[in-house]
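Student: Below is target_23.cif; it holds mmCIF, C-alpha atoms and all ligand atoms.
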```cif
data_start
loop_
_atom_site.label_atom_id
_atom_site.label_comp_id
_atom_site.auth_asym_id
_atom_site.auth_seq_id
_atom_site.Cartn_x
_atom_site.Cartn_y
_atom_site.Cartn_z
CA MET A 1 23.46 -211.11 -6.32
CA PRO A 2 25.79 -208.89 -4.29
CA THR A 3 29.07 -210.61 -5.26
CA THR A 4 29.25 -212.08 -8.73
CA VAL A 5 32.10 -213.59 -10.70
CA LEU A 6 31.89 -213.23 -14.45
CA ILE A 7 34.07 -215.55 -16.49
CA GLY A 8 34.71 -216.52 -20.10
CA ALA A 9 33.29 -219.99 -20.77
CA GLN A 10 35.29 -220.61 -23.97
CA TRP A 11 38.77 -219.59 -25.24
CA GLY A 12 38.38 -215.90 -24.40
CA ASP A 13 36.90 -213.11 -26.53
CA GLU A 14 33.36 -214.12 -25.56
CA GLY A 15 32.22 -210.52 -25.27
CA LYS A 16 32.66 -210.33 -21.50
CA GLY A 17 33.25 -206.58 -21.69
CA LYS A 18 29.70 -205.95 -22.79
CA VAL A 19 28.22 -208.18 -20.08
CA THR A 20 30.41 -206.65 -17.35
CA ASP A 21 29.40 -203.26 -18.65
CA HIS A 22 25.75 -204.22 -18.26
CA LEU A 23 26.26 -205.53 -14.71
CA SER A 24 28.47 -202.57 -13.78
CA GLU A 25 25.58 -200.19 -14.23
CA SER A 26 24.40 -201.15 -10.74
CA ALA A 27 27.77 -202.21 -9.28
CA ASP A 28 29.93 -200.50 -6.68
CA VAL A 29 33.21 -202.33 -7.30
CA VAL A 30 34.52 -204.12 -10.42
CA VAL A 31 37.65 -206.26 -9.98
CA ARG A 32 40.18 -207.80 -12.36
CA TYR A 33 41.82 -210.77 -10.65
CA GLN A 34 44.19 -212.35 -13.20
CA GLY A 35 46.02 -211.75 -16.44
CA GLY A 36 47.27 -208.43 -17.69
CA ASN A 37 47.21 -206.49 -20.92
CA ASN A 38 46.81 -209.72 -22.89
CA ALA A 39 43.07 -209.17 -22.42
CA GLY A 40 41.01 -206.87 -24.57
CA HIS A 41 37.56 -205.66 -23.62
CA THR A 42 35.66 -203.65 -26.17
CA ILE A 43 32.64 -201.64 -25.07
CA VAL A 44 30.54 -199.54 -27.41
CA VAL A 45 28.92 -196.53 -25.75
CA GLY A 46 26.83 -194.56 -28.24
CA SER A 47 29.17 -193.78 -31.10
CA GLU A 48 32.26 -194.29 -28.93
CA ARG A 49 34.29 -197.45 -28.73
CA PHE A 50 36.42 -198.15 -25.67
CA ALA A 51 39.08 -200.85 -25.88
CA LEU A 52 40.48 -201.57 -22.42
CA THR A 53 43.21 -204.10 -21.73
CA LEU A 54 43.99 -203.74 -18.05
CA ILE A 55 41.59 -201.38 -16.31
CA PRO A 56 38.26 -203.10 -15.47
CA SER A 57 35.52 -202.03 -17.87
CA GLY A 58 33.42 -200.85 -14.90
CA VAL A 59 35.52 -197.66 -14.95
CA LEU A 60 33.06 -196.27 -17.49
CA TYR A 61 30.47 -195.85 -14.69
CA PRO A 62 31.21 -193.00 -12.27
CA GLN A 63 29.94 -194.81 -9.14
CA VAL A 64 32.21 -197.83 -9.70
CA THR A 65 35.54 -198.34 -7.94
CA PRO A 66 37.65 -200.31 -10.45
CA VAL A 67 40.18 -202.63 -8.81
CA ILE A 68 43.22 -204.44 -10.22
CA GLY A 69 43.79 -207.33 -7.84
CA ASN A 70 46.94 -209.08 -6.65
CA GLY A 71 46.52 -211.91 -9.17
CA CYS A 72 47.13 -209.59 -12.13
CA VAL A 73 50.42 -208.80 -13.83
CA ILE A 74 50.81 -205.13 -14.66
CA ASP A 75 52.78 -203.45 -17.40
CA PRO A 76 52.99 -199.98 -15.85
CA ALA A 77 53.59 -198.23 -19.18
CA VAL A 78 50.33 -199.69 -20.49
CA LEU A 79 48.46 -198.89 -17.29
CA VAL A 80 49.58 -195.26 -17.22
CA ALA A 81 48.77 -194.85 -20.93
CA GLU A 82 45.31 -196.39 -20.45
CA MET A 83 44.59 -194.04 -17.54
CA ALA A 84 45.67 -191.04 -19.63
CA GLU A 85 43.53 -192.20 -22.57
CA LEU A 86 40.45 -192.50 -20.36
CA GLU A 87 41.07 -189.09 -18.88
CA SER A 88 41.43 -187.52 -22.31
CA ARG A 89 38.02 -188.95 -23.20
CA GLY A 90 36.32 -187.54 -20.11
CA ILE A 91 36.42 -190.67 -17.91
CA ASP A 92 37.88 -190.08 -14.46
CA PRO A 93 40.52 -192.75 -13.62
CA THR A 94 41.31 -191.43 -10.10
CA ARG A 95 38.99 -194.04 -8.57
CA LEU A 96 41.19 -196.88 -9.80
CA ARG A 97 42.68 -199.01 -7.02
CA ILE A 98 45.67 -201.28 -7.59
CA SER A 99 46.93 -204.07 -5.38
CA ALA A 100 50.37 -203.44 -3.91
CA ASN A 101 50.98 -207.18 -4.33
CA ALA A 102 50.32 -207.39 -8.07
CA HIS A 103 53.42 -208.27 -10.06
CA LEU A 104 55.06 -206.05 -12.65
CA ILE A 105 55.65 -207.02 -16.24
CA MET A 106 59.23 -205.96 -16.93
CA PRO A 107 60.84 -205.24 -20.32
CA TYR A 108 62.78 -208.53 -20.12
CA HIS A 109 59.48 -210.39 -19.72
CA ARG A 110 58.27 -209.02 -23.04
CA LYS A 111 61.56 -209.85 -24.69
CA LEU A 112 61.62 -213.38 -23.25
CA ASP A 113 58.01 -213.94 -24.35
CA ALA A 114 59.02 -213.12 -27.93
CA VAL A 115 62.25 -215.14 -28.04
CA MET A 116 60.78 -218.15 -26.23
CA GLU A 117 57.97 -218.28 -28.76
CA ARG A 118 60.41 -218.04 -31.65
CA PHE A 119 62.46 -220.82 -30.11
CA LEU A 120 59.41 -223.11 -29.93
CA GLY A 121 58.93 -222.85 -33.71
CA GLN A 122 56.06 -225.12 -34.77
CA GLN A 123 55.17 -225.81 -31.14
CA GLN A 124 54.66 -222.14 -30.30
CA ILE A 125 51.68 -221.15 -28.17
CA GLY A 126 50.83 -218.04 -30.14
CA THR A 127 51.03 -215.77 -27.09
CA THR A 128 50.13 -212.10 -27.19
CA LYS A 129 53.86 -211.37 -26.60
CA ARG A 130 52.98 -209.01 -23.76
CA GLY A 131 55.33 -210.77 -21.33
CA ILE A 132 52.52 -212.47 -19.42
CA GLY A 133 54.02 -215.98 -19.16
CA PRO A 134 57.53 -214.84 -18.12
CA ALA A 135 56.05 -212.44 -15.51
CA TYR A 136 54.08 -215.29 -13.92
CA MET A 137 57.18 -217.52 -14.14
CA ASP A 138 59.03 -215.00 -11.98
CA LYS A 139 56.09 -214.70 -9.60
CA PHE A 140 56.07 -218.43 -8.96
CA SER A 141 59.84 -218.76 -8.80
CA ARG A 142 59.69 -215.91 -6.25
CA HIS A 143 61.91 -213.57 -8.26
CA GLY A 144 59.11 -211.24 -9.25
CA ILE A 145 59.06 -207.49 -8.73
CA ARG A 146 55.80 -206.18 -7.33
CA VAL A 147 53.92 -202.91 -7.57
CA GLN A 148 54.92 -202.01 -3.98
CA ASP A 149 58.61 -202.20 -4.98
CA LEU A 150 58.14 -199.15 -7.22
CA PHE A 151 57.94 -197.02 -4.08
CA ASP A 152 61.26 -198.15 -2.64
CA PRO A 153 63.94 -197.26 -5.21
CA LYS A 154 66.73 -199.06 -3.35
CA ILE A 155 64.85 -202.35 -3.13
CA PHE A 156 63.62 -201.95 -6.71
CA ARG A 157 67.16 -201.52 -8.06
CA GLN A 158 68.42 -204.44 -5.99
CA LYS A 159 65.72 -206.77 -7.27
CA LEU A 160 66.21 -205.55 -10.82
CA GLU A 161 69.95 -206.17 -10.65
CA VAL A 162 69.49 -209.72 -9.37
CA ASN A 163 66.91 -210.41 -12.05
CA LEU A 164 68.97 -208.98 -14.87
CA LYS A 165 72.02 -211.01 -13.89
CA ASP A 166 69.98 -214.13 -14.46
CA LYS A 167 67.85 -212.91 -17.38
CA ASN A 168 70.83 -211.57 -19.31
CA LYS A 169 72.49 -214.98 -19.15
CA ILE A 170 69.34 -216.56 -20.50
CA LEU A 171 68.87 -213.90 -23.17
CA THR A 172 72.45 -214.04 -24.44
CA LYS A 173 73.46 -217.66 -23.90
CA VAL A 174 70.21 -219.49 -24.56
CA TYR A 175 68.38 -217.22 -26.97
CA ASN A 176 71.30 -215.45 -28.62
CA SER A 177 69.78 -212.04 -27.87
CA LEU A 178 71.22 -208.78 -26.60
CA PRO A 179 71.50 -208.21 -22.83
CA MET A 180 69.53 -205.45 -21.06
CA GLU A 181 70.84 -202.74 -18.75
CA VAL A 182 69.68 -201.91 -15.23
CA GLU A 183 69.69 -198.13 -15.35
CA PRO A 184 67.33 -197.33 -18.25
CA ILE A 185 64.78 -199.81 -16.86
CA ALA A 186 65.10 -198.48 -13.30
CA GLU A 187 64.70 -194.94 -14.53
CA GLU A 188 61.65 -195.74 -16.62
CA TYR A 189 59.90 -197.83 -13.96
CA LEU A 190 60.65 -195.63 -10.96
CA GLY A 191 59.27 -192.80 -13.08
CA TYR A 192 55.82 -194.44 -12.94
CA ALA A 193 55.73 -194.32 -9.14
CA ASP A 194 54.31 -190.81 -9.02
CA ASN A 195 51.50 -191.70 -11.43
CA LEU A 196 50.53 -194.76 -9.42
CA ILE A 197 51.13 -193.95 -5.76
CA ASP A 198 47.63 -192.61 -5.06
CA HIS A 199 46.03 -195.70 -6.58
CA VAL A 200 48.01 -198.41 -4.81
CA THR A 201 46.43 -199.93 -1.74
CA ASP A 202 45.50 -203.12 0.12
CA THR A 203 42.77 -204.17 -2.28
CA SER A 204 41.92 -207.30 -0.29
CA LEU A 205 41.01 -205.08 2.66
CA LEU A 206 39.09 -202.74 0.36
CA LEU A 207 37.01 -205.70 -0.88
CA TRP A 208 36.45 -207.01 2.63
CA GLN A 209 35.14 -203.62 3.70
CA ALA A 210 33.00 -203.27 0.58
CA GLN A 211 31.40 -206.66 1.28
CA ARG A 212 30.81 -205.81 4.91
CA ASP A 213 29.07 -202.61 3.79
CA GLY A 214 26.77 -204.56 1.46
CA LYS A 215 28.29 -203.21 -1.77
CA LYS A 216 27.74 -204.92 -5.08
CA ILE A 217 31.00 -206.42 -6.37
CA ILE A 218 31.68 -207.87 -9.82
CA PHE A 219 34.77 -209.95 -10.53
CA GLU A 220 35.65 -209.62 -14.17
CA GLY A 221 37.58 -212.62 -15.52
CA ALA A 222 39.86 -212.13 -18.51
CA GLN A 223 40.60 -214.79 -21.19
CA GLY A 224 38.48 -217.90 -20.64
CA THR A 225 38.04 -221.32 -19.07
CA LEU A 226 39.80 -223.21 -21.86
CA LEU A 227 42.83 -220.90 -21.51
CA ASP A 228 43.14 -221.60 -17.78
CA ILE A 229 46.61 -222.83 -16.74
CA ASP A 230 45.08 -225.73 -14.76
CA HIS A 231 41.80 -226.46 -16.52
CA GLY A 232 42.45 -225.30 -20.07
CA THR A 233 43.95 -226.96 -23.12
CA TYR A 234 47.47 -227.00 -21.66
CA PRO A 235 50.08 -226.03 -22.88
CA PHE A 236 48.08 -223.81 -25.25
CA VAL A 237 46.79 -221.66 -22.42
CA THR A 238 47.61 -218.46 -20.60
CA SER A 239 49.64 -218.47 -17.37
CA SER A 240 46.91 -217.61 -14.87
CA ASN A 241 43.56 -218.92 -13.60
CA PRO A 242 40.68 -217.23 -15.44
CA THR A 243 38.29 -219.80 -13.93
CA ALA A 244 36.09 -218.77 -11.00
CA GLY A 245 38.48 -220.05 -8.33
CA GLY A 246 41.03 -217.49 -9.51
CA ALA A 247 38.73 -214.73 -8.29
CA THR A 248 39.43 -215.65 -4.67
CA THR A 249 43.21 -216.15 -4.85
CA GLY A 250 43.59 -213.27 -7.28
CA SER A 251 41.85 -210.77 -5.05
CA GLY A 252 42.09 -211.97 -1.46
CA ILE A 253 38.45 -212.82 -0.74
CA GLY A 254 37.20 -216.15 0.56
CA PRO A 255 35.13 -218.57 -1.57
CA LYS A 256 32.05 -218.16 0.63
CA ALA A 257 31.91 -214.50 -0.33
CA ILE A 258 30.81 -215.41 -3.86
CA ASP A 259 27.05 -215.47 -4.49
CA GLY A 260 26.93 -216.38 -8.18
CA VAL A 261 29.09 -217.19 -11.19
CA ILE A 262 28.01 -216.03 -14.62
CA GLY A 263 29.63 -217.60 -17.66
CA VAL A 264 29.84 -215.79 -20.97
CA ALA A 265 29.87 -217.73 -24.25
CA LYS A 266 29.40 -216.75 -27.85
CA ALA A 267 26.59 -218.43 -29.77
CA TYR A 268 29.45 -220.03 -31.73
CA ILE A 269 33.09 -220.32 -30.63
CA THR A 270 36.44 -218.73 -31.46
CA ARG A 271 40.06 -219.13 -30.55
CA VAL A 272 43.24 -217.11 -31.17
CA GLY A 273 46.67 -218.65 -31.03
CA THR A 274 47.44 -222.30 -31.52
CA GLY A 275 46.07 -225.43 -29.86
CA PRO A 276 43.29 -227.98 -30.35
CA PHE A 277 39.84 -226.79 -31.46
CA PRO A 278 37.44 -229.66 -32.24
CA THR A 279 34.68 -227.63 -33.95
CA GLU A 280 36.99 -225.35 -35.95
CA LEU A 281 35.72 -224.60 -39.46
CA HIS A 282 38.28 -224.38 -42.26
CA ASP A 283 35.66 -223.64 -44.88
CA GLU A 284 33.52 -220.81 -46.20
CA THR A 285 31.22 -220.99 -43.16
CA GLY A 286 34.18 -220.28 -40.88
CA GLU A 287 35.23 -217.39 -43.12
CA ARG A 288 31.72 -215.93 -42.93
CA MET A 289 31.81 -216.14 -39.13
CA VAL A 290 35.09 -214.18 -39.12
CA GLU A 291 33.62 -211.51 -41.40
CA LEU A 292 30.17 -211.23 -39.85
CA GLY A 293 31.45 -211.42 -36.27
CA GLY A 294 34.40 -209.06 -36.87
CA GLU A 295 36.58 -211.80 -35.41
CA PHE A 296 39.89 -210.01 -35.06
CA GLY A 297 41.63 -209.64 -31.70
CA THR A 298 41.27 -206.41 -29.68
CA VAL A 299 44.86 -206.68 -28.45
CA THR A 300 46.87 -208.14 -31.32
CA GLY A 301 44.51 -207.71 -34.27
CA ARG A 302 44.98 -211.40 -35.09
CA ARG A 303 42.28 -213.23 -37.02
CA ARG A 304 40.34 -215.53 -34.73
CA ARG A 305 39.69 -219.15 -35.65
CA CYS A 306 35.93 -219.81 -35.73
CA GLY A 307 33.68 -222.83 -35.29
CA TRP A 308 30.24 -224.08 -34.28
CA LEU A 309 29.18 -223.96 -30.65
CA ASP A 310 30.77 -226.75 -28.63
CA LEU A 311 28.50 -228.03 -25.87
CA VAL A 312 31.05 -230.56 -24.60
CA ALA A 313 33.39 -227.67 -23.79
CA LEU A 314 30.55 -225.50 -22.50
CA LYS A 315 29.33 -228.19 -20.10
CA TYR A 316 32.92 -228.47 -18.88
CA ALA A 317 32.98 -224.72 -18.23
CA VAL A 318 29.73 -224.99 -16.26
CA ARG A 319 31.34 -227.68 -14.12
CA VAL A 320 34.81 -226.26 -13.41
CA ASN A 321 33.47 -222.78 -12.66
CA GLY A 322 30.27 -223.78 -10.87
CA LEU A 323 28.35 -221.54 -13.25
CA THR A 324 24.94 -220.47 -12.03
CA GLU A 325 23.83 -218.82 -15.28
CA LEU A 326 25.06 -218.08 -18.79
CA ALA A 327 25.14 -214.97 -20.96
CA MET A 328 25.17 -215.85 -24.64
CA THR A 329 26.67 -213.21 -26.91
CA LYS A 330 26.54 -212.57 -30.66
CA LEU A 331 23.41 -214.59 -31.39
CA ASP A 332 22.79 -212.10 -34.23
CA ILE A 333 25.79 -213.48 -36.14
CA LEU A 334 23.97 -216.80 -36.55
CA SER A 335 21.06 -215.01 -38.27
CA HIS A 336 22.97 -215.40 -41.54
CA PHE A 337 23.08 -219.21 -41.67
CA ASP A 338 20.34 -221.53 -42.97
CA THR A 339 21.28 -224.45 -40.74
CA LEU A 340 23.14 -224.33 -37.44
CA LYS A 341 25.30 -227.08 -36.03
CA VAL A 342 26.01 -227.67 -32.36
CA ALA A 343 28.55 -230.22 -31.09
CA VAL A 344 26.98 -232.48 -28.48
CA ALA A 345 29.81 -235.02 -28.15
CA TYR A 346 33.20 -235.91 -29.65
CA ASP A 347 34.09 -239.04 -31.54
CA SER A 348 37.66 -240.24 -31.26
CA LEU A 349 38.55 -243.40 -33.17
CA GLY A 350 35.06 -244.78 -32.55
CA ASP A 351 34.90 -243.81 -28.87
CA ARG A 352 32.24 -241.30 -27.92
CA PHE A 353 33.08 -238.54 -25.43
CA ASP A 354 30.18 -236.74 -23.80
CA GLU A 355 32.49 -235.10 -21.27
CA PHE A 356 35.53 -232.96 -22.07
CA PRO A 357 38.41 -235.45 -22.56
CA ARG A 358 41.17 -235.32 -19.97
CA GLN A 359 43.83 -236.17 -22.57
CA GLN A 360 44.98 -233.60 -25.09
CA ARG A 361 45.66 -236.39 -27.57
CA VAL A 362 41.93 -237.12 -27.75
CA LEU A 363 41.09 -233.46 -28.30
CA TYR A 364 43.47 -233.31 -31.24
CA ASN A 365 42.12 -236.40 -32.92
CA CYS A 366 38.43 -236.16 -32.28
CA HIS A 367 35.57 -235.21 -34.58
CA PRO A 368 32.55 -233.37 -33.27
CA VAL A 369 29.21 -235.18 -33.20
CA TYR A 370 26.79 -232.53 -34.39
CA GLU A 371 23.08 -231.91 -33.95
CA GLU A 372 21.57 -229.68 -36.63
CA LEU A 373 19.08 -226.97 -35.83
CA PRO A 374 17.21 -224.70 -38.23
CA GLY A 375 18.41 -221.12 -38.68
CA TRP A 376 16.03 -218.12 -38.63
CA ASN A 377 17.41 -215.98 -41.44
CA LYS A 378 16.02 -212.81 -39.93
CA ASP A 379 17.60 -209.69 -38.47
CA ILE A 380 17.26 -209.91 -34.67
CA SER A 381 19.40 -206.91 -33.75
CA GLU A 382 16.40 -204.79 -32.74
CA VAL A 383 14.77 -207.48 -30.60
CA ARG A 384 14.72 -206.75 -26.85
CA ASP A 385 12.11 -209.23 -25.58
CA TYR A 386 12.66 -212.95 -25.64
CA ALA A 387 9.13 -213.52 -26.93
CA ASP A 388 9.96 -211.46 -30.04
CA LEU A 389 12.89 -213.65 -31.08
CA PRO A 390 12.10 -215.96 -34.01
CA LYS A 391 10.91 -219.41 -32.94
CA GLN A 392 14.10 -221.03 -34.27
CA ALA A 393 16.29 -218.67 -32.24
CA GLN A 394 14.34 -219.56 -29.09
CA GLN A 395 14.73 -223.21 -30.01
CA TYR A 396 18.51 -222.73 -30.29
CA ILE A 397 18.72 -221.06 -26.87
CA GLU A 398 16.55 -223.69 -25.22
CA PHE A 399 18.49 -226.54 -26.83
CA VAL A 400 21.70 -225.19 -25.30
CA GLU A 401 20.03 -224.55 -21.96
CA GLU A 402 18.82 -228.10 -21.74
CA ALA A 403 22.31 -229.46 -22.41
CA ILE A 404 24.15 -227.24 -19.93
CA GLU A 405 21.45 -227.37 -17.23
CA ILE A 406 21.70 -223.72 -16.25
CA PRO A 407 19.59 -220.81 -17.48
CA ILE A 408 20.66 -218.45 -20.26
CA THR A 409 19.71 -215.12 -18.76
CA MET A 410 21.25 -212.63 -21.20
CA ILE A 411 21.39 -212.83 -24.98
CA GLY A 412 23.48 -210.45 -27.06
CA VAL A 413 21.90 -209.45 -30.36
CA GLY A 414 24.30 -206.67 -31.44
CA PRO A 415 27.37 -204.72 -30.33
CA ALA A 416 25.59 -201.71 -28.77
CA ARG A 417 25.22 -201.43 -25.00
CA ASP A 418 21.45 -201.94 -25.14
CA ALA A 419 21.39 -204.69 -27.80
CA THR A 420 20.63 -207.35 -25.22
CA VAL A 421 17.66 -209.58 -24.50
CA LEU A 422 17.24 -210.19 -20.77
CA ARG A 423 15.41 -213.17 -19.42
CA ALA A 424 14.13 -213.55 -15.90
CA THR A 425 15.36 -216.65 -14.07
P1 LIG B 501 49.49 -215.12 -23.30
O1 LIG B 501 48.36 -214.94 -22.35
O2 LIG B 501 49.90 -213.86 -24.00
O3 LIG B 501 50.64 -215.84 -22.66
O4 LIG B 501 48.97 -216.11 -24.47
C1 LIG B 501 48.66 -217.47 -24.20
C2 LIG B 501 47.45 -217.91 -25.03
O5 LIG B 501 46.29 -217.25 -24.57
C3 LIG B 501 47.54 -217.58 -26.53
O6 LIG B 501 46.90 -218.60 -27.26
C4 LIG B 501 46.76 -216.29 -26.64
O7 LIG B 501 46.26 -216.10 -27.95
C5 LIG B 501 45.66 -216.55 -25.64
N1 LIG B 501 45.08 -215.32 -25.07
C6 LIG B 501 45.63 -214.51 -24.15
N2 LIG B 501 44.79 -213.50 -23.85
C7 LIG B 501 43.68 -213.69 -24.58
C8 LIG B 501 42.44 -212.99 -24.69
O8 LIG B 501 42.17 -211.99 -24.02
N3 LIG B 501 41.54 -213.51 -25.57
C9 LIG B 501 41.79 -214.63 -26.27
N4 LIG B 501 42.92 -215.31 -26.20
C10 LIG B 501 43.87 -214.85 -25.36
#
```
Go ahead and render the structure in this file as C-alpha cells.
Tutor:
Amino acid sequence: MPTTVLIGAQWGDEGKGKVTDHLSESADVVVRYQGGNNAGHTIVVGSERFALTLIPSGVLYPQVTPVIGNGCVIDPAVLVAEMAELESRGIDPTRLRISANAHLIMPYHRKLDAVMERFLGQQQIGTTKRGIGPAYMDKFSRHGIRVQDLFDPKIFRQKLEVNLKDKNKILTKVYNSLPMEVEPIAEEYLGYADNLIDHVTDTSLLLWQAQRDGKKIIFEGAQGTLLDIDHGTYPFVTSSNPTAGGATTGSGIGPKAIDGVIGVAKAYITRVGTGPFPTELHDETGERMVELGGEFGTVTGRRRRCGWLDLVALKYAVRVNGLTELAMTKLDILSHFDTLKVAVAYDSLGDRFDEFPRQQRVLYNCHPVYEELPGWNKDISEVRDYADLPKQAQQYIEFVEEAIEIPITMIGVGPARDATVLRAT
C-alpha cells in the first residue's frame, strides 16, 4: 500500500513505534500529523533503545524523510534536543522536514497545563503537562504562534506580547500564579530559529510531490482512538485527532490519497491518566500485566492502568478509523496467564451494549461481559511463523479477528525489532 495511516486503536501506548519502525523499513516518508511531545515511541534496535517523542520513528532509517505536519504542536526546546540526541547517536536528523504551519508550544502553555490540572482537582484529566491542551486552545482561538513566526522576530514579539497580556491575567487573577515576561521567552525561542530554518518547509506540497512520484508514505498517529478529541472518552482525551481523519487535516493531503489504515492494539489494554476504563483490573492480574508488560509511560514514567482486551472498544476503533487491518502487539505478555478474558459486550444496569456507548455515563457504570479463552503457558518470544504459535494463541487471534471483521496481519511477540509474526492477508 503506497500511502498508509497507522493509528492507535486503544488509549495510546499500543506499541505503534515498533510497527511504524517495521513499515518504515521500506518507506520513503514518515509523517506525524497530530499531538506533540506528549507521545512516546520506544524502538529497540539491537542493544539500543530509542525513545522519541516528536520526531517520527522513521528517522532511524536513512532513506526516510521524516515529516512533522501542520497538525502537530511543537515544543522547540524538545525538538532541538531530540535532534541533537539522535545526532550524538549516529542518526542523521538533517532530513527532518517541519511544517511552517505547525503551532508552537510556549512556556505559558506548559504552565497553564499544570495550573489548570491542579485547579480541576478530582476532575483532572491527568495530562502529560507538556502544554498540549493550551497550545491547541490557542490554535483554535486563533491566537497561536506558529513555526513560521520564529523567522520574523518583529511579528514573533508582537504575537508574544499580545498573548502574554492575556495569559498573564489568567495566570495571576484566575490561577494565582506568577506572570511571565516577554523578553526571556522571545530570546529563547528566536534562538531556535537557526537550528530549525533548514528543516521548515511546505510539508503539504512535499507530500503531494512524494505521492505524485509514487513514494511510499506512512502516517504515524500518536496517542489513540479513545483519546481522540471527537471520538474518544471526552473529556478524558487529548486535544487533537489521532483517528485516521486527522491524517488528512494534520498534513494537508486529501482523503482519497489514503490506501489503507492499520490499527495497532495490544493483546490486552492499558490507559494512563484518568477516565473510564470498563475492563480495568484492580487485582493481582492487573499488577502482573504492569510488571510483565513494563507498563510505565515513555514520557511521564507513570504506571499504566491495565485490563483485559476490550472488543467493544476495538470494534469502535475499526469503525471510526475505517481500519483495513490490525497489528496486535505484546501477545507474549499473555503467555503468563492460565485463562484469558476478552470483553465482548458491556452490561449497564441490565442493558447489554454490543456497540461502544455514546454516553459517558454508561461507560462509567458498565461491567464487561467476558468470554474466557484458554491460555498457552508457553514462551512464544522466539516464534516467527504463525503456524508455530501454540494452538491456543492462534485461537485467541482468530477469536478477535472474527469479532472485529478485519485481518490481524502482524503479531508482536517481544520488544525486539524482529520479534514479530507476519501473516499474509
Ligand atoms: P495531554 O495530551 O497531555 O493533554 O493529556 C491528555 C490525556 O491523554 C491524558 O490522559 C494523557 O495521559 C493521555 N495521553 C497523552 N499522550 C499520550 C500517549 O502518548 N500515550 C498514552 N496516553 C497519552
Student: List all protein, DNA and RNA residues that have an atom no more than 9 Å from any atom of ligand LIG 501 (chain B), counting all atoms listed in the file, and report them as number ranges by chain.
Tutor: A: 11-14, 35-41, 53, 113, 125-134, 222-224, 227-228, 235-240, 270-275, 297-300, 302, 304
Student: Could you pull the residues within 12 Å of Val264 (chain A), counting only C-alpha atoms, minus those fewer than 4 positions along the same chain, as an MDAnalysis selection string?
Tutor: chainID A and resid 5:20 220:225 243 268:269 314 317:318 321 323:330 407:412
Student: Just the residues within 10 Å of Asn195 (chain A), please, counting only C-alpha atoms, with nothing from its chain fewer than 3 positions along; format it as a ChimeraX atom specification.
Tutor: /A:76,79-80,83,190-192,198-199
Student: Tell me, in Å to one decimal, how far CA of Val30 (chain A) is from CA of Ser204 (chain A).
Tutor: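 Separating CA of Val30 (chain A) from CA of Ser204 (chain A) is a distance of 12.9 Å.
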Student: Provide the CA of Tyr33 (chain A) to CA of Ala186 (chain A) distance in Å, to one decimal place.
Tutor: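 About the pair CA of Tyr33 (chain A) and CA of Ala186 (chain A): they are 26.5 Å apart.
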Student: Mind checking which residues fall within 7 Å of region 58-63 of chain A, counting all atoms listed in the file, ignoring those fewer than 6 positions away in the same chain, and posting them as a list in words?
Tutor: Thr20, Asp21, Ser24, Glu25, Asp28, Val30 and Ile91 of chain A
Student: Contacts between region 276-293 of chain A and region 389-415 of chain A, please, where a residue of region 389-415 of chain A counts if it comes within 12 Å (with all atoms listed in the file); show its shortest atom pair and distance in Å to one decimal, rows by chain and ascending number, as CSV.
Tutor:
```
residue,atom,partner,partner_atom,distance
A:Val413,CA,A:Gly293,CA,11.4
A:Gly414,CA,A:Gly293,CA,9.8
A:Pro415,CA,A:Gly293,CA,9.8
```
Student: For CA of Glu401 (chain A) and CA of Arg361 (chain A), determine how far apart the two atoms are, in Å to one decimal place.
Tutor: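 Between CA of Glu401 (chain A) and CA of Arg361 (chain A) the gap is 28.8 Å.
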Student: Show which residues sit within 12 Å of Glu402 (chain A), as a PyMOL selection string. Count all atoms listed in the file, and ignore same-chain residues fewer than 6 positions away.
Tutor: chain A and resi 311+315+344+395-396+408
Student: Do you know which residues are at most 8 Å from Glu82 (chain A) counting all atoms listed in the file, after dropping those on the same chain fewer than 2 positions away, and could you put them as a list in words?
Tutor: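 Non-adjacent residues within range: Leu52, Leu54, Ile55, Val78, Leu79, Val80, Ala84, Glu85 and Leu86 of chain A.
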Student: Store the residues picked out above in a file with C-alpha atoms, as a PDB file, in the coordinates of the input.
Tutor:
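Output file selection_6.pdb is given in full below:
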```pdb
ATOM      1  CA  LEU A  52      40.480-201.570 -22.420  1.00  0.00           C
ATOM      2  CA  LEU A  54      43.990-203.740 -18.050  1.00  0.00           C
ATOM      3  CA  ILE A  55      41.590-201.380 -16.310  1.00  0.00           C
ATOM      4  CA  VAL A  78      50.330-199.690 -20.490  1.00  0.00           C
ATOM      5  CA  LEU A  79      48.460-198.890 -17.290  1.00  0.00           C
ATOM      6  CA  VAL A  80      49.580-195.260 -17.220  1.00  0.00           C
ATOM      7  CA  ALA A  84      45.670-191.040 -19.630  1.00  0.00           C
ATOM      8  CA  GLU A  85      43.530-192.200 -22.570  1.00  0.00           C
ATOM      9  CA  LEU A  86      40.450-192.500 -20.360  1.00  0.00           C
TER      10      LEU A  86
END
```
Student: Dump as a PyMOL selection string all residues having an atom at most 12 Å from (21.4, -209.0, 2.7), computed in the file's coordinates with all atoms listed in the file.
Tutor: chain A and resi 1-3+211-216+259
Student: Smallest atom-to-atom distance to Arg352 (chain A): which of A:Asp338, A:Val369, A:Gly232, A:Ala247, using all atoms listed in the file?
Tutor: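 Among the listed residues, the smallest separation from Arg352 (chain A) belongs to A:Val369.
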Student: Using all atoms listed in the file, pick whichever of A:Val400, A:Ile74, A:Val383, A:Ile333 has the shortest atom-to-atom distance to Asp418 (chain A).
Tutor: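 Closest residue, counting all atoms listed in the file: A:Val383.
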